[in-house]
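A short worksheet on the structure shown next.
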Amino acid sequence: MENRLVHHDKDRTFDRIFHPRSVAVIGVSAQGNGFGSGILDALSAIGFGGHLHGVNPKGGEYRGRTLHRSISDIQDTIDFAIIAVPAHQVPDTLADCLKRGVAGAEILSAGFSETDTSEGTALERQVKEIAGRGIRVVGPNCFGIYCPRSGLTLLPGPDLSRISGPVAFLSQSGGMSVDFAHIGNWMGVRFSKVISFGNGADLRETELLEYLGRDPETRVVAMYMEGVEDGSEFLQVLKDVASRKPVIVLKGGLSEAGSRMVASHTRVIWESALRQAGAVQVGDLWELAQTSLAFSLLPVREYRGISVAGGGGALGVSAGDLAERHGLVLPAFEKSLSEKILEVLPKPGSSAKNPVDAANPFVGPDAFRHVFSHAGTDPRIDVQVLIQLLHHYKAIAMSLGLDSLRQITPYVQLAQAMHDAREAAGKPVIMVMPDFKQGKESLDIEEMIRDARQVFLEKNIPVFSDLGDALCAIGHVSTYASRLRSRGLSQ
């Protein structure tokens, strides 16, 4: 009962931080330079729905907004403060926020322990001490919080999406947090919260992960971490959260250990510990994003058998090899099933043994609806993958003298066909859309593929640019589900 009360009080504080009704930005320059002015502009541009207050000790005005001389001058309840003043002014500024009853603050300012100086370390120690008296702190030396639902954004993040989703991201790196948010924007990863916690003087990986484990807005947790304050406590929390939600971890900083041997030893220890805790481990930012996409749009279950179909390209050998690498197989279809699939494919030249090679990239949506509806009846198939080389449509458009390849590229109809096949067979469908023509003369192809990606995402069909990336992401989901089953757990 006591733990539930503690969590309830913490979560009320976190709710004021992530969904504030009123925000004070402290350190706004009337001239419009610096982090304070930048984050105020970003909050305005993204459409933060609450009250915004700028603070500058000299007062004045910025973009028609009156600047208060101190936070105590604001006649409003302040839920959250954003501090962007020089490092030596941060402790006093944070103490003023505490007196004012602010629930939390993010400190964008740098100049603390990351400088490896006694002065910076002492300043961070003061921040930690003030936080311990009753105000939660993100940072210092961070890019802050992005919460699409409330309109909080990272620095600099005026153009991030306001569409909420199930993925949360914790990052010690500010640059990584912004990059991941932008990748997610076009890739289809929708966020509940992104938190760049920087030096982590107060809130950092363990407590934030524990909170996200309880957060009803979050179904998937992604993390970029370099070091932890208390390894055993972190791993204990990780094990608990990973038993209920996938936690995808990109571990950085291992190569900075003293010698090559020490770095290798450290990596092995971390990888083993993370695996035992149930984390999904990835190797880089792109794999982190692709795996987050798969977890957010695919049912969390074990995947073994896959069907692959497409037109053109050496599907057979590459698909089989890639599948095996990620613990997947392409079971050969029975003769009767292959014959049903072949009914709608071009002859001669097509093959329907799995993978299904439709002989050319111009086979239409109705044919692939037929292919996947039938292939999905095979009980050995758990997930289906369609590879589409849409860039080939440009050659036809040019031959016909058309103004745009969109006039003949049927990606809208194809998205509906794949949706119908998924519903008919009850098996998830994944799109792979490579783009092998990326010269400046092919910008129209790139734009069309990006538009096609959004159409598929609207049908909750994940899209990848490479078959290997797609199979890797499926493999991560399957491995996580297998670990849950082995521990007697389920999603």
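Labels used: A, B, ... for chains in the order of the structure tokens, numbers from 1 for residues in each chain, and numbers from 1 for ligands as shown.
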DSSP on the backbone: what in stretch 9-52 of chain A comes out strand (DSSP E or B), as a ChimeraX atom specification?
-> /A:22-26,51-52
Write a file of the selected residues as a PDB file, in the first residue's frame, keeping N, CA and C atoms.
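Printed below is part19.pdb as written:
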ATOM      1  N   SER A  22       1.166  25.183 -17.354  1.00  0.00           N
ATOM      2  CA  SER A  22       1.868  26.461 -17.395  1.00  0.00           C
ATOM      3  C   SER A  22       3.371  26.209 -17.326  1.00  0.00           C
ATOM      4  N   VAL A  23       4.109  26.864 -18.222  1.00  0.00           N
ATOM      5  CA  VAL A  23       5.562  26.684 -18.313  1.00  0.00           C
ATOM      6  C   VAL A  23       6.251  28.035 -18.248  1.00  0.00           C
ATOM      7  N   ALA A  24       7.304  28.110 -17.450  1.00  0.00           N
ATOM      8  CA  ALA A  24       8.142  29.310 -17.397  1.00  0.00           C
ATOM      9  C   ALA A  24       9.484  28.993 -18.045  1.00  0.00           C
ATOM     10  N   VAL A  25       9.886  29.809 -18.999  1.00  0.00           N
ATOM     11  CA  VAL A  25      11.196  29.675 -19.637  1.00  0.00           C
ATOM     12  C   VAL A  25      12.093  30.766 -19.069  1.00  0.00           C
ATOM     13  N   ILE A  26      13.115  30.354 -18.336  1.00  0.00           N
ATOM     14  CA  ILE A  26      13.951  31.302 -17.608  1.00  0.00           C
ATOM     15  C   ILE A  26      15.279  31.452 -18.338  1.00  0.00           C
ATOM     16  N   HIS A  51      -0.075  27.804 -20.789  1.00  0.00           N
ATOM     17  CA  HIS A  51       0.418  29.173 -20.671  1.00  0.00           C
ATOM     18  C   HIS A  51       1.943  29.174 -20.735  1.00  0.00           C
ATOM     19  N   LEU A  52       2.495  30.089 -21.530  1.00  0.00           N
ATOM     20  CA  LEU A  52       3.937  30.229 -21.665  1.00  0.00           C
ATOM     21  C   LEU A  52       4.379  31.567 -21.076  1.00  0.00           C
TER      22      LEU A  52
END
When DSSP is applied to the backbone of this structure, which of stretch 400-447 of chain A are assigned alpha helix (DSSP H)? Write them out as a PDB file with N, CA and C atoms, in the first residue's frame.
ATOM      1  N   TYR A 411       0.255   2.787 -55.311  1.00  0.00           N
ATOM      2  CA  TYR A 411       0.577   2.477 -53.911  1.00  0.00           C
ATOM      3  C   TYR A 411      -0.631   2.623 -52.986  1.00  0.00           C
ATOM      4  N   VAL A 412      -1.567   3.500 -53.311  1.00  0.00           N
ATOM      5  CA  VAL A 412      -2.760   3.629 -52.472  1.00  0.00           C
ATOM      6  C   VAL A 412      -3.584   2.346 -52.544  1.00  0.00           C
ATOM      7  N   GLN A 413      -3.784   1.836 -53.758  1.00  0.00           N
ATOM      8  CA  GLN A 413      -4.526   0.595 -53.929  1.00  0.00           C
ATOM      9  C   GLN A 413      -3.771  -0.592 -53.312  1.00  0.00           C
ATOM     10  N   LEU A 414      -2.443  -0.557 -53.399  1.00  0.00           N
ATOM     11  CA  LEU A 414      -1.640  -1.636 -52.841  1.00  0.00           C
ATOM     12  C   LEU A 414      -1.749  -1.666 -51.315  1.00  0.00           C
ATOM     13  N   ALA A 415      -1.771  -0.482 -50.696  1.00  0.00           N
ATOM     14  CA  ALA A 415      -1.927  -0.422 -49.241  1.00  0.00           C
ATOM     15  C   ALA A 415      -3.262  -1.031 -48.821  1.00  0.00           C
ATOM     16  N   GLN A 416      -4.320  -0.730 -49.568  1.00  0.00           N
ATOM     17  CA  GLN A 416      -5.622  -1.306 -49.248  1.00  0.00           C
ATOM     18  C   GLN A 416      -5.613  -2.817 -49.459  1.00  0.00           C
ATOM     19  N   ALA A 417      -4.947  -3.281 -50.524  1.00  0.00           N
ATOM     20  CA  ALA A 417      -4.875  -4.711 -50.803  1.00  0.00           C
ATOM     21  C   ALA A 417      -4.150  -5.454 -49.687  1.00  0.00           C
ATOM     22  N   MET A 418      -3.052  -4.874 -49.181  1.00  0.00           N
ATOM     23  CA  MET A 418      -2.300  -5.519 -48.102  1.00  0.00           C
ATOM     24  C   MET A 418      -3.087  -5.502 -46.787  1.00  0.00           C
ATOM     25  N   HIS A 419      -3.833  -4.427 -46.569  1.00  0.00           N
ATOM     26  CA  HIS A 419      -4.710  -4.367 -45.402  1.00  0.00           C
ATOM     27  C   HIS A 419      -5.755  -5.479 -45.480  1.00  0.00           C
ATOM     28  N   ASP A 420      -6.355  -5.643 -46.661  1.00  0.00           N
ATOM     29  CA  ASP A 420      -7.382  -6.674 -46.837  1.00  0.00           C
ATOM     30  C   ASP A 420      -6.801  -8.069 -46.644  1.00  0.00           C
ATOM     31  N   ALA A 421      -5.601  -8.298 -47.163  1.00  0.00           N
ATOM     32  CA  ALA A 421      -4.965  -9.613 -47.029  1.00  0.00           C
ATOM     33  C   ALA A 421      -4.631  -9.906 -45.577  1.00  0.00           C
ATOM     34  N   ARG A 422      -4.184  -8.899 -44.869  1.00  0.00           N
ATOM     35  CA  ARG A 422      -3.873  -9.076 -43.439  1.00  0.00           C
ATOM     36  C   ARG A 422      -5.134  -9.455 -42.665  1.00  0.00           C
ATOM     37  N   GLU A 423      -6.225  -8.765 -42.949  1.00  0.00           N
ATOM     38  CA  GLU A 423      -7.469  -9.050 -42.243  1.00  0.00           C
ATOM     39  C   GLU A 423      -8.014 -10.429 -42.613  1.00  0.00           C
ATOM     40  N   ALA A 424      -7.857 -10.813 -43.880  1.00  0.00           N
ATOM     41  CA  ALA A 424      -8.395 -12.101 -44.340  1.00  0.00           C
ATOM     42  C   ALA A 424      -7.629 -13.275 -43.725  1.00  0.00           C
ATOM     43  N   ALA A 425      -6.296 -13.152 -43.669  1.00  0.00           N
ATOM     44  CA  ALA A 425      -5.476 -14.270 -43.189  1.00  0.00           C
ATOM     45  C   ALA A 425      -5.183 -14.188 -41.701  1.00  0.00           C
ATOM     46  N   LEU A 443      14.533  12.732 -57.593  1.00  0.00           N
ATOM     47  CA  LEU A 443      13.894  13.272 -56.388  1.00  0.00           C
ATOM     48  C   LEU A 443      12.399  12.975 -56.368  1.00  0.00           C
ATOM     49  N   ASP A 444      11.789  12.903 -57.544  1.00  0.00           N
ATOM     50  CA  ASP A 444      10.360  12.602 -57.590  1.00  0.00           C
ATOM     51  C   ASP A 444      10.077  11.185 -57.101  1.00  0.00           C
ATOM     52  N   ILE A 445      11.008  10.264 -57.344  1.00  0.00           N
ATOM     53  CA  ILE A 445      10.851   8.896 -56.852  1.00  0.00           C
ATOM     54  C   ILE A 445      10.924   8.884 -55.328  1.00  0.00           C
ATOM     55  N   GLU A 446      11.915   9.590 -54.797  1.00  0.00           N
ATOM     56  CA  GLU A 446      12.065   9.634 -53.344  1.00  0.00           C
ATOM     57  C   GLU A 446      10.822  10.226 -52.689  1.00  0.00           C
ATOM     58  N   GLU A 447      10.293  11.290 -53.272  1.00  0.00           N
ATOM     59  CA  GLU A 447       9.086  11.919 -52.707  1.00  0.00           C
ATOM     60  C   GLU A 447       7.903  10.961 -52.765  1.00  0.00           C
TER      61      GLU A 447
END
Closest of A:Cys97, A:Ala289, A:Val55, A:Val102 to A:Phe169 - atom-to-atom distances counting only C-alpha atoms = A:Ala289
Any idea what's packed within 6 Å of stretch 221-226 of chain A, counting only C-alpha atoms, ignoring anything in its chain fewer than 4 positions away? Could you give it as number ranges by chain?
-> A: 167-172, 247-253
Once you have the residues from the selection above, write them out as a CSV table (one decimal), in the first residue's frame, restricted to C-alpha atoms.
chain,number,residue,atom,x,y,z
A,167,VAL,CA,7.1,4.6,-27.8
A,168,ALA,CA,9.1,6.3,-25.1
A,169,PHE,CA,12.8,7.2,-25.5
A,170,LEU,CA,15.3,7.8,-22.7
A,171,SER,CA,18.6,9.3,-23.8
A,172,GLN,CA,21.8,10.5,-22.1
A,247,VAL,CA,12.7,-2.3,-23.5
A,248,ILE,CA,15.1,-1.8,-26.4
A,249,VAL,CA,18.6,-0.7,-25.4
A,250,LEU,CA,21.4,0.9,-27.4
A,251,LYS,CA,24.4,0.9,-25.1
A,252,GLY,CA,27.1,3.4,-26.0
A,253,GLY,CA,30.4,4.4,-24.6
From A:Asp9, A:Asp240, A:Asp451, A:Glu129, residue lying nearest A:Gly188 [only C-alpha atoms] | A:Asp451
Using only C-alpha atoms, which protein or nucleic acid residues come within 12 Å of A:Pro434? Drop anything in the same chain fewer than 5 positions from it, and give the result as a PDB file with N, CA and C atoms, in the first residue's frame.
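Printed below is around-v4.pdb as written:
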ATOM      1  N   GLY A 310       7.386 -10.598 -54.115  1.00  0.00           N
ATOM      2  CA  GLY A 310       7.787  -9.371 -54.786  1.00  0.00           C
ATOM      3  C   GLY A 310       8.003  -9.629 -56.255  1.00  0.00           C
ATOM      4  N   GLY A 313      14.248  -8.921 -59.080  1.00  0.00           N
ATOM      5  CA  GLY A 313      15.311  -9.035 -58.087  1.00  0.00           C
ATOM      6  C   GLY A 313      15.520 -10.474 -57.673  1.00  0.00           C
ATOM      7  N   LEU A 386       6.069  -8.106 -48.198  1.00  0.00           N
ATOM      8  CA  LEU A 386       5.967  -7.744 -49.612  1.00  0.00           C
ATOM      9  C   LEU A 386       7.082  -6.766 -49.963  1.00  0.00           C
ATOM     10  N   ILE A 387       7.866  -7.097 -50.993  1.00  0.00           N
ATOM     11  CA  ILE A 387       8.920  -6.211 -51.479  1.00  0.00           C
ATOM     12  C   ILE A 387       8.420  -5.542 -52.753  1.00  0.00           C
ATOM     13  N   GLN A 388       8.456  -4.217 -52.766  1.00  0.00           N
ATOM     14  CA  GLN A 388       7.984  -3.471 -53.930  1.00  0.00           C
ATOM     15  C   GLN A 388       9.056  -2.498 -54.426  1.00  0.00           C
ATOM     16  N   LEU A 389       9.413  -2.654 -55.701  1.00  0.00           N
ATOM     17  CA  LEU A 389      10.415  -1.783 -56.321  1.00  0.00           C
ATOM     18  C   LEU A 389       9.679  -0.679 -57.089  1.00  0.00           C
ATOM     19  N   LEU A 390       9.122   0.250 -56.345  1.00  0.00           N
ATOM     20  CA  LEU A 390       8.256   1.262 -56.950  1.00  0.00           C
ATOM     21  C   LEU A 390       9.010   2.198 -57.891  1.00  0.00           C
ATOM     22  N   HIS A 391      10.329   2.288 -57.733  1.00  0.00           N
ATOM     23  CA  HIS A 391      11.079   3.219 -58.581  1.00  0.00           C
ATOM     24  C   HIS A 391      11.023   2.830 -60.063  1.00  0.00           C
ATOM     25  N   HIS A 392      10.717   1.565 -60.344  1.00  0.00           N
ATOM     26  CA  HIS A 392      10.660   1.139 -61.743  1.00  0.00           C
ATOM     27  C   HIS A 392       9.499   1.783 -62.502  1.00  0.00           C
ATOM     28  N   ILE A 445      11.008  10.264 -57.344  1.00  0.00           N
ATOM     29  CA  ILE A 445      10.851   8.896 -56.852  1.00  0.00           C
ATOM     30  C   ILE A 445      10.924   8.884 -55.328  1.00  0.00           C
ATOM     31  N   GLU A 446      11.915   9.590 -54.797  1.00  0.00           N
ATOM     32  CA  GLU A 446      12.065   9.634 -53.344  1.00  0.00           C
ATOM     33  C   GLU A 446      10.822  10.226 -52.689  1.00  0.00           C
ATOM     34  N   ILE A 449       7.987   7.629 -52.800  1.00  0.00           N
ATOM     35  CA  ILE A 449       8.177   6.540 -51.840  1.00  0.00           C
ATOM     36  C   ILE A 449       7.859   7.018 -50.430  1.00  0.00           C
ATOM     37  N   ARG A 450       8.224   8.249 -50.104  1.00  0.00           N
ATOM     38  CA  ARG A 450       7.905   8.788 -48.779  1.00  0.00           C
ATOM     39  C   ARG A 450       6.394   8.904 -48.603  1.00  0.00           C
ATOM     40  N   ALA A 452       4.177   7.079 -50.167  1.00  0.00           N
ATOM     41  CA  ALA A 452       3.674   5.715 -50.097  1.00  0.00           C
ATOM     42  C   ALA A 452       3.868   5.150 -48.688  1.00  0.00           C
ATOM     43  N   ARG A 453       5.017   5.449 -48.076  1.00  0.00           N
ATOM     44  CA  ARG A 453       5.267   4.988 -46.711  1.00  0.00           C
ATOM     45  C   ARG A 453       4.154   5.460 -45.779  1.00  0.00           C
ATOM     46  N   VAL A 463       6.827  -0.166 -42.566  1.00  0.00           N
ATOM     47  CA  VAL A 463       7.555  -0.083 -43.836  1.00  0.00           C
ATOM     48  C   VAL A 463       9.050   0.005 -43.557  1.00  0.00           C
ATOM     49  N   PHE A 464       9.825  -0.779 -44.297  1.00  0.00           N
ATOM     50  CA  PHE A 464      11.274  -0.762 -44.186  1.00  0.00           C
ATOM     51  C   PHE A 464      11.874  -0.530 -45.569  1.00  0.00           C
ATOM     52  N   SER A 465      13.098  -0.037 -45.586  1.00  0.00           N
ATOM     53  CA  SER A 465      13.783   0.216 -46.858  1.00  0.00           C
ATOM     54  C   SER A 465      14.608  -0.973 -47.304  1.00  0.00           C
ATOM     55  N   ASP A 466      14.800  -1.947 -46.433  1.00  0.00           N
ATOM     56  CA  ASP A 466      15.693  -3.061 -46.732  1.00  0.00           C
ATOM     57  C   ASP A 466      15.112  -4.335 -46.116  1.00  0.00           C
ATOM     58  N   LEU A 467      15.171  -5.437 -46.842  1.00  0.00           N
ATOM     59  CA  LEU A 467      14.626  -6.697 -46.344  1.00  0.00           C
ATOM     60  C   LEU A 467      15.357  -7.160 -45.085  1.00  0.00           C
ATOM     61  N   GLY A 468      16.681  -6.996 -45.064  1.00  0.00           N
ATOM     62  CA  GLY A 468      17.441  -7.395 -43.886  1.00  0.00           C
ATOM     63  C   GLY A 468      17.010  -6.644 -42.650  1.00  0.00           C
ATOM     64  N   ASP A 469      16.758  -5.334 -42.782  1.00  0.00           N
ATOM     65  CA  ASP A 469      16.296  -4.539 -41.642  1.00  0.00           C
ATOM     66  C   ASP A 469      14.942  -5.031 -41.143  1.00  0.00           C
ATOM     67  N   ALA A 470      14.056  -5.361 -42.084  1.00  0.00           N
ATOM     68  CA  ALA A 470      12.725  -5.841 -41.705  1.00  0.00           C
ATOM     69  C   ALA A 470      12.821  -7.159 -40.945  1.00  0.00           C
TER      70      ALA A 470
END
Between atom CA of A:Leu212 and atom CA of A:Ser192, what is the spacing in Å?
->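 Straight-line distance from atom CA of A:Ser192 to atom CA of A:Leu212 works out to 9.7 Å.
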Between A:Pro346, A:Gly305, A:Gly231, A:Gly50, smallest distance to A:Val363 by only C-alpha atoms belongs to A:Pro346
